[in-house]
>>> print(open('start_9.txt').read())   # compact mmCIF, C-alpha atoms
# COMPACT_ATOMS: atom_id res chain seq x y z
CA MET A 25 0.00 0.00 0.00
CA LYS A 26 1.49 3.32 -1.07
CA LEU A 27 1.48 6.01 1.59
CA PRO A 28 0.11 9.42 0.55
CA GLU A 29 2.79 11.97 -0.15
CA LEU A 30 3.00 15.07 2.03
CA PRO A 31 2.20 18.32 0.24
CA VAL A 32 5.34 20.20 -0.81
CA THR A 33 5.34 23.84 0.30
CA HIS A 34 8.07 26.48 0.33
CA SER A 35 6.14 28.74 2.69
CA LEU A 36 7.58 28.87 6.20
CA ARG A 37 4.13 29.60 7.62
CA GLY A 38 2.53 26.78 5.63
CA ARG A 39 5.27 24.34 6.60
CA LEU A 40 5.01 25.19 10.29
CA LEU A 41 1.22 24.94 10.27
CA TRP A 42 1.23 21.68 8.34
CA PHE A 43 3.70 19.89 10.58
CA LEU A 44 2.37 21.32 13.85
CA LEU A 45 -1.25 20.60 13.03
CA ALA A 46 -0.36 17.12 11.76
CA ALA A 47 1.59 16.52 14.98
CA ILE A 48 -1.40 17.65 17.05
CA VAL A 49 -3.76 15.34 15.13
CA LEU A 50 -1.43 12.36 15.47
CA ALA A 51 -0.79 13.07 19.15
CA ALA A 52 -4.54 13.47 19.81
CA MET A 53 -5.29 10.20 18.01
CA ALA A 54 -2.58 8.34 19.92
CA GLN A 55 -3.75 9.82 23.20
CA ALA A 56 -7.37 8.98 22.38
CA VAL A 57 -6.49 5.35 21.59
CA ILE A 58 -4.43 5.04 24.77
CA ALA A 59 -7.17 6.69 26.86
CA TYR A 60 -9.85 4.52 25.28
CA ARG A 61 -7.97 1.30 25.95
CA SER A 62 -7.06 2.42 29.45
CA ALA A 63 -10.69 3.31 30.20
CA ARG A 64 -11.86 -0.07 28.87
CA SER A 65 -9.31 -1.85 31.02
CA ASP A 66 -10.27 0.17 34.08
CA ALA A 67 -13.97 -0.50 33.42
CA ASP A 68 -13.31 -4.24 33.18
CA GLU A 69 -11.52 -4.15 36.50
CA ILE A 70 -14.40 -2.21 38.05
CA PHE A 71 -17.00 -4.67 36.71
CA ASP A 72 -14.94 -7.63 37.92
CA TYR A 73 -14.67 -6.02 41.32
CA HIS A 74 -18.41 -5.39 41.36
CA MET A 75 -19.12 -9.05 40.49
CA GLN A 76 -16.72 -10.19 43.18
CA GLN A 77 -18.31 -7.99 45.81
CA MET A 78 -21.79 -9.16 44.82
CA ALA A 79 -20.76 -12.79 45.16
CA LEU A 80 -19.20 -12.15 48.53
CA SER A 81 -22.34 -10.35 49.72
CA LEU A 82 -24.47 -13.40 48.80
CA ARG A 83 -22.49 -15.73 51.01
CA SER A 84 -24.37 -16.91 54.10
CA GLY A 85 -24.33 -19.70 56.48
CA ALA A 86 -27.81 -21.03 55.43
CA PRO A 87 -28.79 -22.33 52.05
CA MET A 88 -30.34 -19.78 49.71
CA ALA A 89 -33.29 -22.11 49.06
CA ASN A 90 -34.48 -21.68 52.61
CA GLN A 91 -34.59 -17.92 52.19
CA TYR A 92 -35.47 -17.34 48.53
CA GLY A 93 -37.47 -19.38 46.15
CA GLN A 94 -36.47 -19.78 42.59
CA GLY A 95 -37.74 -16.85 40.58
CA ASP A 96 -38.02 -14.49 43.55
CA ALA A 97 -35.36 -12.23 42.03
CA ALA A 98 -36.41 -9.75 39.41
CA ASP A 99 -35.69 -10.37 35.79
CA ASN A 100 -32.27 -8.90 35.04
CA ASP A 101 -30.31 -9.58 31.88
CA ASP A 102 -27.33 -7.67 33.18
CA MET A 103 -26.32 -10.06 35.92
CA VAL A 104 -27.01 -13.80 36.14
CA VAL A 105 -26.84 -15.35 39.64
CA GLN A 106 -26.83 -19.08 40.41
CA VAL A 107 -26.41 -20.81 43.76
CA TRP A 108 -25.75 -24.55 44.39
CA THR A 109 -25.60 -26.64 47.50
CA PRO A 110 -22.46 -28.66 48.21
CA ASP A 111 -24.14 -31.72 46.69
CA GLY A 112 -24.76 -29.92 43.38
CA VAL A 113 -28.43 -29.03 43.78
CA GLN A 114 -29.30 -25.58 42.35
CA VAL A 115 -31.21 -23.68 45.00
CA PHE A 116 -31.31 -20.27 43.37
CA ARG A 117 -31.20 -18.89 39.86
CA SER A 118 -32.07 -15.36 38.73
CA LEU A 119 -34.59 -14.94 35.96
CA SER A 120 -32.61 -14.75 32.73
CA ARG A 121 -32.75 -16.13 29.26
CA ALA A 122 -29.14 -17.21 29.61
CA GLU A 123 -28.61 -20.95 30.15
CA LEU A 124 -25.27 -21.21 31.89
CA PRO A 125 -23.55 -24.54 32.41
CA GLN A 126 -24.43 -26.43 35.58
CA ARG A 127 -20.84 -26.30 36.77
CA ALA A 128 -18.65 -23.63 38.23
CA VAL A 129 -14.96 -22.85 37.89
CA LEU A 130 -13.84 -21.03 40.96
CA GLY A 131 -12.60 -17.49 40.32
CA PHE A 132 -12.99 -15.63 37.02
CA SER A 133 -13.57 -17.32 33.71
CA ASN A 134 -15.16 -16.69 30.32
CA VAL A 135 -17.97 -19.01 29.21
CA ARG A 136 -19.51 -19.07 25.76
CA VAL A 137 -23.21 -20.01 25.62
CA ARG A 138 -25.39 -19.95 22.48
CA GLY A 139 -23.09 -17.52 20.64
CA ALA A 140 -22.75 -15.17 23.62
CA THR A 141 -19.76 -14.83 25.90
CA TYR A 142 -20.23 -14.38 29.64
CA ARG A 143 -17.82 -13.22 32.25
CA VAL A 144 -18.27 -15.57 35.24
CA PHE A 145 -17.07 -15.33 38.81
CA SER A 146 -17.61 -18.28 41.19
CA ILE A 147 -16.98 -18.58 44.92
CA GLN A 148 -17.50 -21.59 47.21
CA THR A 149 -18.36 -21.67 50.93
CA ASN A 150 -19.04 -24.50 53.34
CA ASN A 151 -22.74 -24.68 52.51
CA GLN A 152 -23.10 -23.29 48.98
CA THR A 153 -21.45 -22.23 45.72
CA VAL A 154 -22.30 -18.79 44.31
CA GLN A 155 -21.86 -17.96 40.65
CA ILE A 156 -22.19 -14.41 39.15
CA ALA A 157 -22.19 -14.00 35.36
CA GLN A 158 -22.41 -10.96 33.08
CA ASP A 159 -22.92 -10.78 29.32
CA MET A 160 -19.73 -9.43 27.73
CA LYS A 161 -21.74 -7.41 25.19
CA VAL A 162 -23.43 -5.51 27.99
CA ARG A 163 -20.08 -5.02 29.69
CA GLN A 164 -18.41 -3.85 26.50
CA ARG A 165 -21.24 -1.46 25.76
CA MET A 166 -21.04 0.10 29.20
CA ALA A 167 -17.22 0.15 29.13
CA GLY A 168 -17.27 1.72 25.66
CA ALA A 169 -19.62 4.44 26.81
CA LEU A 170 -17.32 5.17 29.75
CA ALA A 171 -14.27 5.20 27.50
CA LEU A 172 -15.94 7.54 25.02
CA ARG A 173 -16.69 9.98 27.83
CA THR A 174 -12.97 9.87 28.60
CA VAL A 175 -11.97 10.49 24.97
CA ALA A 176 -14.52 13.28 24.42
CA PRO A 177 -12.41 16.02 26.12
CA ILE A 178 -9.43 15.08 23.92
CA ALA A 179 -11.55 15.33 20.79
CA MET A 180 -12.78 18.74 21.91
CA MET A 181 -9.36 20.07 22.92
CA ALA A 182 -7.53 19.04 19.72
CA PRO A 183 -9.35 21.56 17.43
CA LEU A 184 -8.94 24.24 20.09
CA LEU A 185 -5.22 23.52 20.31
CA MET A 186 -4.96 23.60 16.50
CA LEU A 187 -6.65 26.99 16.49
CA VAL A 188 -4.20 28.28 19.10
CA VAL A 189 -1.23 26.98 17.07
CA TRP A 190 -2.59 28.64 13.91
CA TRP A 191 -2.99 31.93 15.78
CA VAL A 192 0.48 31.79 17.37
CA VAL A 193 2.25 30.89 14.10
CA SER A 194 0.38 33.52 12.11
CA GLY A 195 1.05 36.15 14.75
CA SER A 196 4.74 35.24 15.04
CA LEU A 197 5.26 35.47 11.27
CA ALA A 198 3.22 38.64 10.85
CA PRO A 199 6.38 40.87 11.06
CA VAL A 200 7.96 38.79 8.27
CA SER A 201 4.89 39.36 6.11
CA ARG A 202 5.08 43.06 6.95
CA VAL A 203 8.71 43.23 5.80
CA ARG A 204 7.81 41.39 2.61
CA LYS A 205 5.05 43.89 1.88
CA GLN A 206 7.39 46.80 2.58
CA VAL A 207 9.98 45.50 0.14
CA ALA A 208 7.36 44.61 -2.49
CA ALA A 209 5.82 48.10 -2.34
CA ARG A 210 9.13 49.92 -2.80
CA GLN A 211 10.19 51.84 -5.86
CA ALA A 212 13.39 50.83 -7.63
CA ASP A 213 15.29 53.85 -6.25
CA ASP A 214 14.08 53.43 -2.64
CA LEU A 215 17.05 51.94 -0.78
CA SER A 216 16.16 53.11 2.72
CA PRO A 217 16.57 50.55 5.54
CA VAL A 218 13.77 48.10 6.26
CA SER A 219 12.21 48.36 9.71
CA GLU A 220 13.47 45.69 12.12
CA ALA A 221 10.83 46.34 14.79
CA GLY A 222 9.16 43.22 16.18
CA LEU A 223 11.09 40.75 14.05
CA PRO A 224 11.95 37.32 15.50
CA ASP A 225 15.56 36.74 16.47
CA GLU A 226 15.91 34.18 13.66
CA VAL A 227 14.76 36.64 10.98
CA GLN A 228 16.33 39.85 12.29
CA PRO A 229 19.90 39.01 11.09
CA LEU A 230 18.53 38.44 7.58
CA VAL A 231 16.86 41.86 7.57
CA GLN A 232 20.03 43.44 8.98
CA GLU A 233 22.08 41.94 6.16
CA LEU A 234 19.42 43.12 3.71
CA ASN A 235 19.77 46.65 5.07
CA LEU A 236 23.55 46.43 4.73
CA LEU A 237 23.08 45.30 1.14
CA PHE A 238 20.75 48.24 0.53
CA GLY A 239 23.45 50.52 1.93
CA ARG A 240 26.10 49.09 -0.39
CA VAL A 241 23.81 49.33 -3.41
CA LYS A 242 22.91 52.90 -2.45
CA THR A 243 26.60 53.79 -2.27
CA ALA A 244 27.18 52.25 -5.68
CA PHE A 245 24.18 54.10 -7.15
CA GLU A 246 25.33 57.41 -5.70
CA ALA A 247 28.84 56.85 -7.04
CA GLN A 248 27.39 56.06 -10.44
CA GLN A 249 25.23 59.18 -10.39
CA HIS A 250 28.19 61.31 -9.36
CA PHE A 251 30.30 59.74 -12.07
CA VAL A 252 27.70 60.46 -14.74
CA ALA A 253 27.22 64.03 -13.53
CA ASP A 254 30.97 64.66 -13.28
CA ALA A 255 31.69 63.10 -16.64
CA ALA A 256 28.93 65.10 -18.33
CA HIS A 257 30.21 68.30 -16.72
CA GLU A 258 33.92 67.82 -17.33
CA LEU A 259 33.79 66.27 -20.78
CA ARG A 260 31.75 69.14 -22.18
CA THR A 261 34.71 71.55 -22.31
CA PRO A 262 37.39 69.22 -23.81
CA LEU A 263 34.93 67.88 -26.39
CA ALA A 264 34.02 71.41 -27.41
CA ALA A 265 37.71 72.23 -27.66
CA LEU A 266 38.32 69.13 -29.80
CA LYS A 267 35.52 70.24 -32.13
CA LEU A 268 37.12 73.67 -32.52
CA GLN A 269 40.52 72.09 -33.16
CA VAL A 270 39.02 69.87 -35.86
CA LEU A 271 37.50 72.95 -37.49
CA SER A 272 40.89 74.68 -37.29
CA LEU A 273 42.48 71.67 -38.94
CA GLU A 274 39.95 71.81 -41.76
CA ARG A 275 40.60 75.54 -42.31
CA ALA A 276 44.38 75.25 -42.28
CA ASP A 277 45.69 76.43 -45.64
CA SER A 278 49.35 75.56 -45.16
CA ALA A 279 51.44 72.66 -43.97
CA GLU A 280 52.68 74.65 -40.98
CA ALA A 281 49.18 75.59 -39.90
CA ARG A 282 47.98 72.01 -40.28
CA ALA A 283 50.93 70.76 -38.18
CA VAL A 284 50.02 73.20 -35.42
CA ALA A 285 46.35 72.17 -35.59
CA VAL A 286 47.25 68.48 -35.54
CA GLY A 287 49.48 69.03 -32.49
CA ARG A 288 46.72 70.86 -30.64
CA LEU A 289 44.22 68.18 -31.60
CA THR A 290 46.54 65.44 -30.38
CA SER A 291 47.09 67.24 -27.07
CA GLY A 292 43.35 67.70 -26.66
CA ILE A 293 42.70 64.00 -27.30
CA GLU A 294 45.39 63.07 -24.75
CA ARG A 295 43.83 65.37 -22.15
CA ALA A 296 40.35 63.95 -22.81
CA THR A 297 41.70 60.40 -22.62
CA ARG A 298 43.47 61.18 -19.33
CA LEU A 299 40.27 62.71 -17.95
CA VAL A 300 38.18 59.66 -18.86
CA GLU A 301 40.78 57.35 -17.30
CA GLN A 302 40.77 59.34 -14.07
CA LEU A 303 36.99 59.41 -13.99
CA LEU A 304 36.86 55.63 -14.36
CA VAL A 305 39.49 55.11 -11.65
CA LEU A 306 37.64 57.43 -9.24
CA ALA A 307 34.27 55.77 -9.93
CA ARG A 308 35.77 52.31 -9.40
CA GLN A 309 37.40 53.30 -6.11
CA GLU A 310 34.22 54.90 -4.73
CA ALA A 311 31.85 52.14 -5.87
CA ASP A 312 33.93 49.16 -4.73
CA SER A 313 32.95 48.90 -1.04
CA GLU A 314 34.93 45.72 -0.43
CA PHE A 315 38.28 44.57 -1.73
CA LYS A 316 40.71 41.80 -1.01
CA LYS A 317 43.75 42.85 1.03
CA ASP A 318 47.21 41.48 0.35
CA ASP A 319 50.65 42.23 1.72
CA VAL A 320 52.08 45.10 -0.33
CA ASN A 321 55.69 46.32 -0.12
CA LEU A 322 55.62 50.11 -0.44
CA ALA A 323 59.31 50.30 -1.33
CA ASP A 324 58.78 48.00 -4.31
CA LEU A 325 55.85 50.13 -5.47
CA ALA A 326 57.98 53.25 -5.18
CA ARG A 327 60.77 51.75 -7.31
CA ARG A 328 58.27 50.56 -9.92
CA THR A 329 56.59 53.97 -10.09
CA LEU A 330 59.88 55.82 -10.47
CA GLY A 331 60.90 53.47 -13.27
CA ASP A 332 57.59 54.07 -15.11
CA LEU A 333 57.75 57.87 -14.80
CA ALA A 334 61.50 58.37 -15.25
CA GLY A 335 61.08 59.10 -18.97
CA ILE A 336 58.50 61.85 -18.36
CA ALA A 337 60.68 63.43 -15.64
CA GLN A 338 63.73 63.33 -17.89
CA THR A 339 61.79 65.01 -20.73
CA ARG A 340 60.87 67.88 -18.39
CA GLY A 341 64.40 68.07 -16.96
CA ILE A 342 63.32 67.07 -13.45
CA ASP A 343 65.52 65.15 -11.04
CA LEU A 344 63.32 62.22 -9.96
CA GLY A 345 64.75 59.89 -7.35
CA LEU A 346 64.16 57.59 -4.37
CA HIS A 347 65.55 59.60 -1.48
CA HIS A 348 65.06 56.89 1.16
CA ALA A 349 63.46 53.47 1.04
CA GLU A 350 62.80 51.04 3.89
CA ASP A 351 61.07 47.78 3.11
CA ALA A 352 57.63 48.05 4.72
CA VAL A 353 54.64 45.82 4.11
CA VAL A 354 51.07 47.07 4.56
CA ALA A 355 47.75 45.30 4.09
CA GLY A 356 46.10 46.65 0.98
CA GLN A 357 45.42 46.34 -2.71
CA GLY A 358 48.54 46.59 -4.79
CA ASP A 359 46.93 48.03 -7.92
CA ALA A 360 45.10 50.75 -5.98
CA LEU A 361 48.25 51.75 -4.06
CA LEU A 362 50.18 51.87 -7.32
CA ILE A 363 47.56 54.28 -8.72
CA LEU A 364 47.90 56.40 -5.57
CA LEU A 365 51.67 56.59 -5.84
CA ARG A 366 51.66 57.24 -9.61
CA ASN A 367 49.20 60.12 -9.16
CA LEU A 368 51.33 61.63 -6.39
CA VAL A 369 54.53 61.47 -8.43
CA ASP A 370 52.78 62.54 -11.66
CA ASN A 371 51.31 65.62 -9.94
CA ALA A 372 54.69 66.48 -8.47
CA ILE A 373 56.36 66.24 -11.91
CA LYS A 374 53.55 68.23 -13.52
CA TYR A 375 53.70 71.15 -11.05
CA THR A 376 57.51 71.28 -10.61
CA PRO A 377 59.32 73.68 -12.94
CA SER A 378 62.03 72.38 -15.29
CA GLY A 379 65.27 71.70 -13.49
CA GLY A 380 63.46 70.99 -10.23
CA THR A 381 63.54 67.95 -7.94
CA VAL A 382 60.98 65.30 -6.97
CA ASP A 383 61.86 62.80 -4.23
CA VAL A 384 60.04 59.77 -2.88
CA GLU A 385 60.58 58.31 0.61
CA VAL A 386 59.35 55.16 2.33
CA ARG A 387 59.99 55.00 6.07
CA GLN A 388 58.87 53.21 9.21
CA HIS A 389 57.96 55.46 12.11
CA GLU A 390 56.43 54.36 15.43
CA GLY A 391 54.96 51.21 13.93
CA LYS A 392 53.52 53.02 10.93
CA ALA A 393 54.49 53.03 7.27
CA VAL A 394 55.01 56.55 5.92
CA LEU A 395 55.00 57.24 2.19
CA CYS A 396 56.25 60.73 1.35
CA VAL A 397 56.44 62.55 -2.01
CA GLU A 398 57.95 66.06 -2.03
CA ASP A 399 58.98 68.48 -4.76
CA SER A 400 60.60 71.86 -5.34
CA GLY A 401 57.54 73.34 -7.00
CA PRO A 402 55.35 76.26 -5.90
CA GLY A 403 53.41 74.12 -3.40
CA ILE A 404 49.84 74.74 -2.28
CA PRO A 405 48.83 77.63 -0.02
CA PRO A 406 47.63 76.48 3.45
CA GLU A 407 44.11 77.83 2.87
CA GLU A 408 43.75 75.73 -0.28
CA ARG A 409 45.05 72.40 1.09
CA GLU A 410 41.62 71.11 2.13
CA ARG A 411 39.80 72.25 -1.00
CA VAL A 412 42.20 70.56 -3.43
CA PHE A 413 40.80 67.16 -2.41
CA SER A 414 37.45 68.10 -3.97
CA ARG A 415 36.82 66.76 -7.42
CA PHE A 416 37.54 69.10 -10.33
CA TYR A 417 38.92 71.79 -8.08
CA ARG A 418 42.05 73.55 -9.35
CA VAL A 419 44.19 76.01 -7.43
CA PRO A 420 43.66 79.47 -8.94
CA GLY A 421 46.63 80.59 -10.98
CA SER A 422 48.09 77.07 -11.19
CA PRO A 423 50.69 76.95 -13.99
CA ALA A 424 49.86 73.36 -14.95
CA GLY A 425 46.68 72.12 -16.55
CA GLY A 426 44.69 69.16 -15.31
CA SER A 427 41.26 67.84 -14.51
CA GLY A 428 41.39 68.35 -10.76
CA LEU A 429 40.82 64.65 -10.09
CA GLY A 430 44.32 63.51 -9.08
CA LEU A 431 44.16 64.36 -5.37
CA ALA A 432 40.50 63.23 -5.19
CA ILE A 433 41.58 59.79 -6.44
CA ILE A 434 44.51 59.75 -3.99
CA LYS A 435 42.20 60.61 -1.06
CA ALA A 436 39.65 57.93 -2.02
CA ILE A 437 42.34 55.23 -2.16
CA ALA A 438 43.95 56.37 1.09
CA GLU A 439 40.63 56.32 2.97
CA ARG A 440 39.90 52.80 1.71
CA HIS A 441 43.22 51.66 3.19
CA GLY A 442 42.67 53.47 6.49
CA ALA A 443 45.61 55.79 5.76
CA THR A 444 46.00 59.44 6.72
CA LEU A 445 46.74 61.96 3.97
CA VAL A 446 48.60 65.18 4.98
CA LEU A 447 49.64 68.11 2.76
CA ASP A 448 52.45 70.30 4.02
CA GLN A 449 55.43 72.33 2.88
CA SER A 450 58.61 70.38 2.20
CA PRO A 451 61.28 71.52 4.68
CA ARG A 452 64.08 70.22 2.43
CA LEU A 453 62.93 71.11 -1.09
CA GLY A 454 60.59 74.00 -0.29
CA GLY A 455 57.66 72.79 -2.40
CA LEU A 456 54.72 70.52 -1.59
CA GLN A 457 55.12 67.54 0.72
CA VAL A 458 52.43 64.82 0.62
CA ARG A 459 52.57 62.30 3.46
CA VAL A 460 50.52 59.09 3.48
CA GLU A 461 50.63 57.32 6.87
CA PHE A 462 49.37 53.73 7.01
CA PRO A 463 48.13 52.42 10.39
CA THR A 464 50.26 49.25 10.61
CA VAL A 465 53.47 48.04 9.05
CA THR A 466 55.32 44.73 8.96
CA SER A 467 59.05 44.83 8.44
CA ILE A 468 60.72 42.43 6.04
CA SER A 469 63.71 40.69 7.54
>>> encode(input="start_9.txt", output="structure tokens")
Amino acid sequence: MKLPELPVTHSLRGRLLWFLLAAIVLAAMAQAVIAYRSARSDADEIFDYHMQQMALSLRSGAPMANQYGQGDAADNDDMVVQVWTPDGVQVFRSLSRAELPQRAVLGFSNVRVRGATYRVFSIQTNNQTVQIAQDMKVRQRMAGALALRTVAPIAMMAPLLMLVVWWVVSGSLAPVSRVRKQVAARQADDLSPVSEAGLPDEVQPLVQELNLLFGRVKTAFEAQQHFVADAAHELRTPLAALKLQVLSLERADSAEARAVAVGRLTSGIERATRLVEQLLVLARQEADSEFKKDDVNLADLARRTLGDLAGIAQTRGIDLGLHHAEDAVVAGQGDALLILLRNLVDNAIKYTPSGGTVDVEVRQHEGKAVLCVEDSGPGIPPEERERVFSRFYRVPGSPAGGSGLGLAIIKAIAERHGATLVLDQSPRLGGLQVRVEFPTVTSIS
């Protein structure tokens, strides 16, 4: 026989209700069966005791025939009473249609007569034998009625308990349904936190993680919006300039004029390309809320950066060198720190006049790794040192061009690595000194 399959449901509420209500039904049925059988057994013991007490009460020292004549007892199909003298003569028999055997087995026994089963109890005294018999159907009917009265409260309490379970489960999961409705009713741009009020302890961590996810997505959306706005704002001018340079190239009527126009157009394309690259780097640094940290040797990054930018420094006649380098390892992202260092050195080369000096230092100081880039350029006035970290901000009167994104990118990378960025005047070279202090450092032996 194939057992019925349980209904498959992915609803937590439905699953809880199904299993709890099924458990209540099974427990109620088991308890009812146990109670019914126990009540039947107790009723049998009570009836046996009643028969035994009746037989004992009929004992007497004189024969029953001298006191009662046959047929004096009222007709009673429930109990059958027979009394014999010691010589086997029946002196008393209650009126009954039952014809019991004319013999007695002392104690309790079951006797089958004419398709009916009787429960018989016999007791013998010095002057008589008393036999009490009861039809088992009557006994079973009375015992069944008693057992059903015992089972009735269980049958009444099971639906009430099921109702209580349904109410408790529905009430306990009501906050979950509320959260679901809140999320379902939201607009695509609504990333505000979901209310955690009244949530069960098992569900609250899930909602907390959902709120953290909303926060990360909101940060990414805001970074994307800023990127789009910044790109639209900053690309308008170089693209307009490129258009004018193309028109100048078309109008050039000599080889010399065309060469000048081509040079300006090439420079404009390089500036636009550099701007787009910086915008992409800044957007990536602001949008990426998590990154994998590795051990990064700052001295190695400094040597690599100086090797990459040596050609540009030589073209401008700038003395670029590694003034001091101590091997120091910090936890971070190597590519991001390389971008930070390249932007620092590139800015220093860009703003230092020809014949000037740009030096890079890597030191360990009081358990911290200090990366320092200083130059002999004009530096930045103290009142401008906080504003230069804003995107697209340029120091008024600055001799070098640029998009104003270099220091914004440097600040974003430094903050992601928990580093402190300080702008100051170089005491040795007289120009700008940029110090990046990392919180922890591990020396390489």
>>> residues_near_point(input="start_9.txt", point="(37.3, 71.3, -33.7)", cutoff="12 Å", atoms="all atoms listed in the file", output="list in words")
Thr261, Pro262, Leu263, Ala264, Ala265, Leu266, Lys267, Leu268, Gln269, Val270, Leu271, Ser272, Leu273, Glu274, Arg275, Ala276, Ala285, Val286, Arg288, Leu289, Thr290, Gly292 and Ile293 of chain A
>>> closest_residue(input="start_9.txt", among="A:Asp383, A:Val175, A:Leu41, A:Ser201", to="Ile58 of chain A", atoms="all atoms listed in the file")
A:Val175
>>> axis_aligned_box(input="start_9.txt", around="segment 145-148 of chain A", padding_each_side="6 Å", output="lines of an AutoDock Vina configuration file")
center_x = -17.3
center_y = -18.5
center_z = 43.0
size_x = 12.6
size_y = 18.3
size_z = 20.4
>>> residues_near_point(input="start_9.txt", point="(59.1, 52.9, -1.2)", cutoff="8 Å", atoms="all atoms listed in the file", output="list in words")
Asn321, Leu322, Ala323, Asp324, Leu325, Ala326, Arg327, Leu346, His348, Ala349, Glu350, Asp351, Ala352, Val384, Glu385, Val386, Arg387 and Leu395 of chain A
>>> closest_residue(input="start_9.txt", among="A:Ala221, A:Met103, A:Met53, A:Ile437", to="Lys161 of chain A", atoms="all atoms listed in the file")
A:Met103
>>> atom_distance(input="start_9.txt", atom1="atom CA of Pro110 of chain A", atom2="atom CA of Arg138 of chain A")
27.3 Å
>>> atom_distance(input="start_9.txt", atom1="atom CA of Val200 of chain A", atom2="atom CA of Pro217 of chain A")
14.8 Å
>>> closest_residue(input="start_9.txt", among="A:Gly403, A:Pro177, A:Gly112, A:Gly391", to="Asn151 of chain A", atoms="all atoms listed in the file")
A:Gly112
>>> closest_residue(input="start_9.txt", among="A:Gly430, A:Pro402, A:Gly380, A:Gly331", to="Gln457 of chain A", atoms="only C-alpha atoms")
A:Pro402
>>> atom_distance(input="start_9.txt", atom1="atom CA of Asp159 of chain A", atom2="atom CA of Thr174 of chain A")
22.9 Å
>>> residues_around(input="start_9.txt", residues="Thr329 of chain A", least_positions_apart="6", cutoff="9 Å", atoms="all atoms listed in the file", output="VMD selection string")
chain A and resid 362 365 to 366 369
>>> residues_around(input="start_9.txt", residues="Glu226 of chain A", least_positions_apart="6", cutoff="12 Å", atoms="only C-alpha atoms", output="PyMOL selection string")
chain A and resi 196-197+199-200+220+232
>>> write_last_selection(input="start_9.txt", atoms="C-alpha atoms", output="PDB file, in the coordinates of the input")
ATOM      1  CA  SER A 196       4.740  35.240  15.040  1.00  0.00           C
ATOM      2  CA  LEU A 197       5.260  35.470  11.270  1.00  0.00           C
ATOM      3  CA  PRO A 199       6.380  40.870  11.060  1.00  0.00           C
ATOM      4  CA  VAL A 200       7.960  38.790   8.270  1.00  0.00           C
ATOM      5  CA  GLU A 220      13.470  45.690  12.120  1.00  0.00           C
ATOM      6  CA  GLN A 232      20.030  43.440   8.980  1.00  0.00           C
TER       7      GLN A 232
END
>>> closest_residue(input="start_9.txt", among="A:Ser194, A:Gln388, A:Ser133, A:Gln76", to="Gly38 of chain A", atoms="only C-alpha atoms")
A:Ser194
>>> build_atoms(input="start_9.txt", residues="segment 319-331 of chain A", atoms="N, CA and C atoms", output="PDB file, keeping the file's coordinate frame")
ATOM      1  N   ASP A 319      49.445  41.574   1.209  1.00  0.00           N
ATOM      2  CA  ASP A 319      50.650  42.230   1.720  1.00  0.00           C
ATOM      3  C   ASP A 319      51.334  42.961   0.565  1.00  0.00           C
ATOM      4  N   VAL A 320      51.505  44.260   0.723  1.00  0.00           N
ATOM      5  CA  VAL A 320      52.080  45.100  -0.330  1.00  0.00           C
ATOM      6  C   VAL A 320      53.327  45.787   0.214  1.00  0.00           C
ATOM      7  N   ASN A 321      54.439  45.663  -0.491  1.00  0.00           N
ATOM      8  CA  ASN A 321      55.690  46.320  -0.120  1.00  0.00           C
ATOM      9  C   ASN A 321      55.722  47.696  -0.766  1.00  0.00           C
ATOM     10  N   LEU A 322      55.662  48.750   0.084  1.00  0.00           N
ATOM     11  CA  LEU A 322      55.620  50.110  -0.440  1.00  0.00           C
ATOM     12  C   LEU A 322      56.908  50.490  -1.152  1.00  0.00           C
ATOM     13  N   ALA A 323      58.033  49.977  -0.678  1.00  0.00           N
ATOM     14  CA  ALA A 323      59.310  50.300  -1.330  1.00  0.00           C
ATOM     15  C   ALA A 323      59.344  49.761  -2.758  1.00  0.00           C
ATOM     16  N   ASP A 324      58.829  48.560  -2.958  1.00  0.00           N
ATOM     17  CA  ASP A 324      58.780  48.000  -4.310  1.00  0.00           C
ATOM     18  C   ASP A 324      57.878  48.829  -5.220  1.00  0.00           C
ATOM     19  N   LEU A 325      56.731  49.278  -4.677  1.00  0.00           N
ATOM     20  CA  LEU A 325      55.850  50.130  -5.470  1.00  0.00           C
ATOM     21  C   LEU A 325      56.532  51.439  -5.836  1.00  0.00           C
ATOM     22  N   ALA A 326      57.290  51.992  -4.897  1.00  0.00           N
ATOM     23  CA  ALA A 326      57.980  53.250  -5.180  1.00  0.00           C
ATOM     24  C   ALA A 326      59.007  53.066  -6.305  1.00  0.00           C
ATOM     25  N   ARG A 327      59.784  51.995  -6.259  1.00  0.00           N
ATOM     26  CA  ARG A 327      60.770  51.750  -7.310  1.00  0.00           C
ATOM     27  C   ARG A 327      60.091  51.538  -8.671  1.00  0.00           C
ATOM     28  N   ARG A 328      58.992  50.815  -8.657  1.00  0.00           N
ATOM     29  CA  ARG A 328      58.270  50.560  -9.920  1.00  0.00           C
ATOM     30  C   ARG A 328      57.707  51.857 -10.491  1.00  0.00           C
ATOM     31  N   THR A 329      57.161  52.707  -9.630  1.00  0.00           N
ATOM     32  CA  THR A 329      56.590  53.970 -10.090  1.00  0.00           C
ATOM     33  C   THR A 329      57.669  54.889 -10.664  1.00  0.00           C
ATOM     34  N   LEU A 330      58.801  54.971  -9.977  1.00  0.00           N
ATOM     35  CA  LEU A 330      59.880  55.820 -10.470  1.00  0.00           C
ATOM     36  C   LEU A 330      60.402  55.321 -11.813  1.00  0.00           C
ATOM     37  N   GLY A 331      60.469  54.007 -11.977  1.00  0.00           N
ATOM     38  CA  GLY A 331      60.900  53.470 -13.270  1.00  0.00           C
ATOM     39  C   GLY A 331      59.918  53.799 -14.388  1.00  0.00           C
TER      40      GLY A 331
END
